[in-house]
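J.: I'd like to ask some things about the structure below.
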Amino acid sequence: MAIVAVPEENLTITDEAQIREYLGAIGIDYARWNVSGLGESATDDAILAAYKDEIDKVCARGGYTSVDVINVHSSTPGLDEMLAKFNREHWHDEDEVRFIIHGRGLFHLHPENKPVVAIEVGPGDMIRVPRGTHHWFNLCKSREIKAIRFFQDKSGWTPHYTNTTAERSYEPVCFGPFYAPPHSS
């Protein structure tokens, strides 16, 4: 289950409906899907087949033309370089849509003229960050994530860096199960 934090507002949200409402108000789509009983060794094809109905609905709604499965873990070659690429504030020419199957990650969203919102995502979380939204991403402590990615055109998914260095003001850590929120909503 996702956790949303807005440090400037001393706000933490853990309730699914409240998360969906808060993120929706800033243009971010959030949903929960049931996590299939597939094991850790499931192939990409098996994962895509298990979520076919949900994938088809998202593709039809968002005009996505392809999907794939990304599987990143601590022994992934070039992991530090990959994380450095996405842990800087940037935006894309198309939506960034992810359904998390395994592991945890942290999106920092920086909507125009609004405070930065951190959302820790984990298994069952589906998020759509609309094209043009400033954001950055990092993995949680386990440094692993498996997710279904949706694309309208993979070439539009290139990061465009803002060079604001906003990410330097935020801790690249996840809230995790031992996180004690400053204020629950």
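Just remember, in the structure tokens the first chain shown is A, the second B, etc., residues are 1-based per chain, and ligands are 1-based in the order shown.
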Residues of stretch 24-70 of chain A classed as alpha helix (DSSP H) by DSSP on the backbone are to be reported as a list in words.

T.: Gly24, Ala25, Asp44, Asp45, Ala46, Ile47, Leu48, Ala49, Ala50, Lys52, Asp53, Glu54, Ile55, Asp56, Lys57, Val58, Cys59, Ala60, Arg61 and Gly62 of chain A

J.: Would you give me, as a VMD selection string, the residues in stretch 32-132 of chain A that DSSP reads as strand (DSSP E)?

T.: chain A and resid 32 66 to 72 90 to 91 96 to 103 105 to 110 117 to 121 125 to 129

J.: Identify which of the residues A:Asp93, A:Asp45, A:Glu21, A:Asp53 lies closest to A:Trp33, counting only C-alpha atoms when measuring atom-to-atom distances.

T.: A:Asp53

J.: I'd like to know which of A:Arg61, A:Lys52, A:Lys114, A:His134 is closest to A:Gln152, using only C-alpha atoms.

T.: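 The closest residue to A:Gln152 is A:Arg61.
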
J.: I need the residue nearest A:Thr165 from this list: A:Ser75, A:Ile19, A:Ala60, A:His135. Use only C-alpha atoms for the distance.

T.: A:His135

J.: Write out as number ranges by chain each polymer residue whose atoms come within 6 Å of A:Ile119, counting only C-alpha atoms; drop sequence neighbours fewer than 2 positions from it.

T.: A: 3-4, 106-107

J.: Those same residues, written as an mmCIF file, in the first residue's frame with C-alpha atoms?

T.:
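Output (part-v6.cif):
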```
data_model
loop_
_atom_site.group_PDB
_atom_site.id
_atom_site.type_symbol
_atom_site.label_atom_id
_atom_site.label_comp_id
_atom_site.auth_asym_id
_atom_site.auth_seq_id
_atom_site.Cartn_x
_atom_site.Cartn_y
_atom_site.Cartn_z
ATOM 1 C CA ILE A 3 2.210 6.125 1.597
ATOM 2 C CA VAL A 4 1.988 9.801 0.612
ATOM 3 C CA LEU A 106 9.723 6.458 -4.101
ATOM 4 C CA PHE A 107 8.362 9.036 -6.524
#
```

J.: Pick the closest to A:Pro130 from A:Val58, A:Val6, A:Leu83, A:Ile26: which is it, counting only C-alpha atoms?

T.: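 Closest candidate: A:Ile26.
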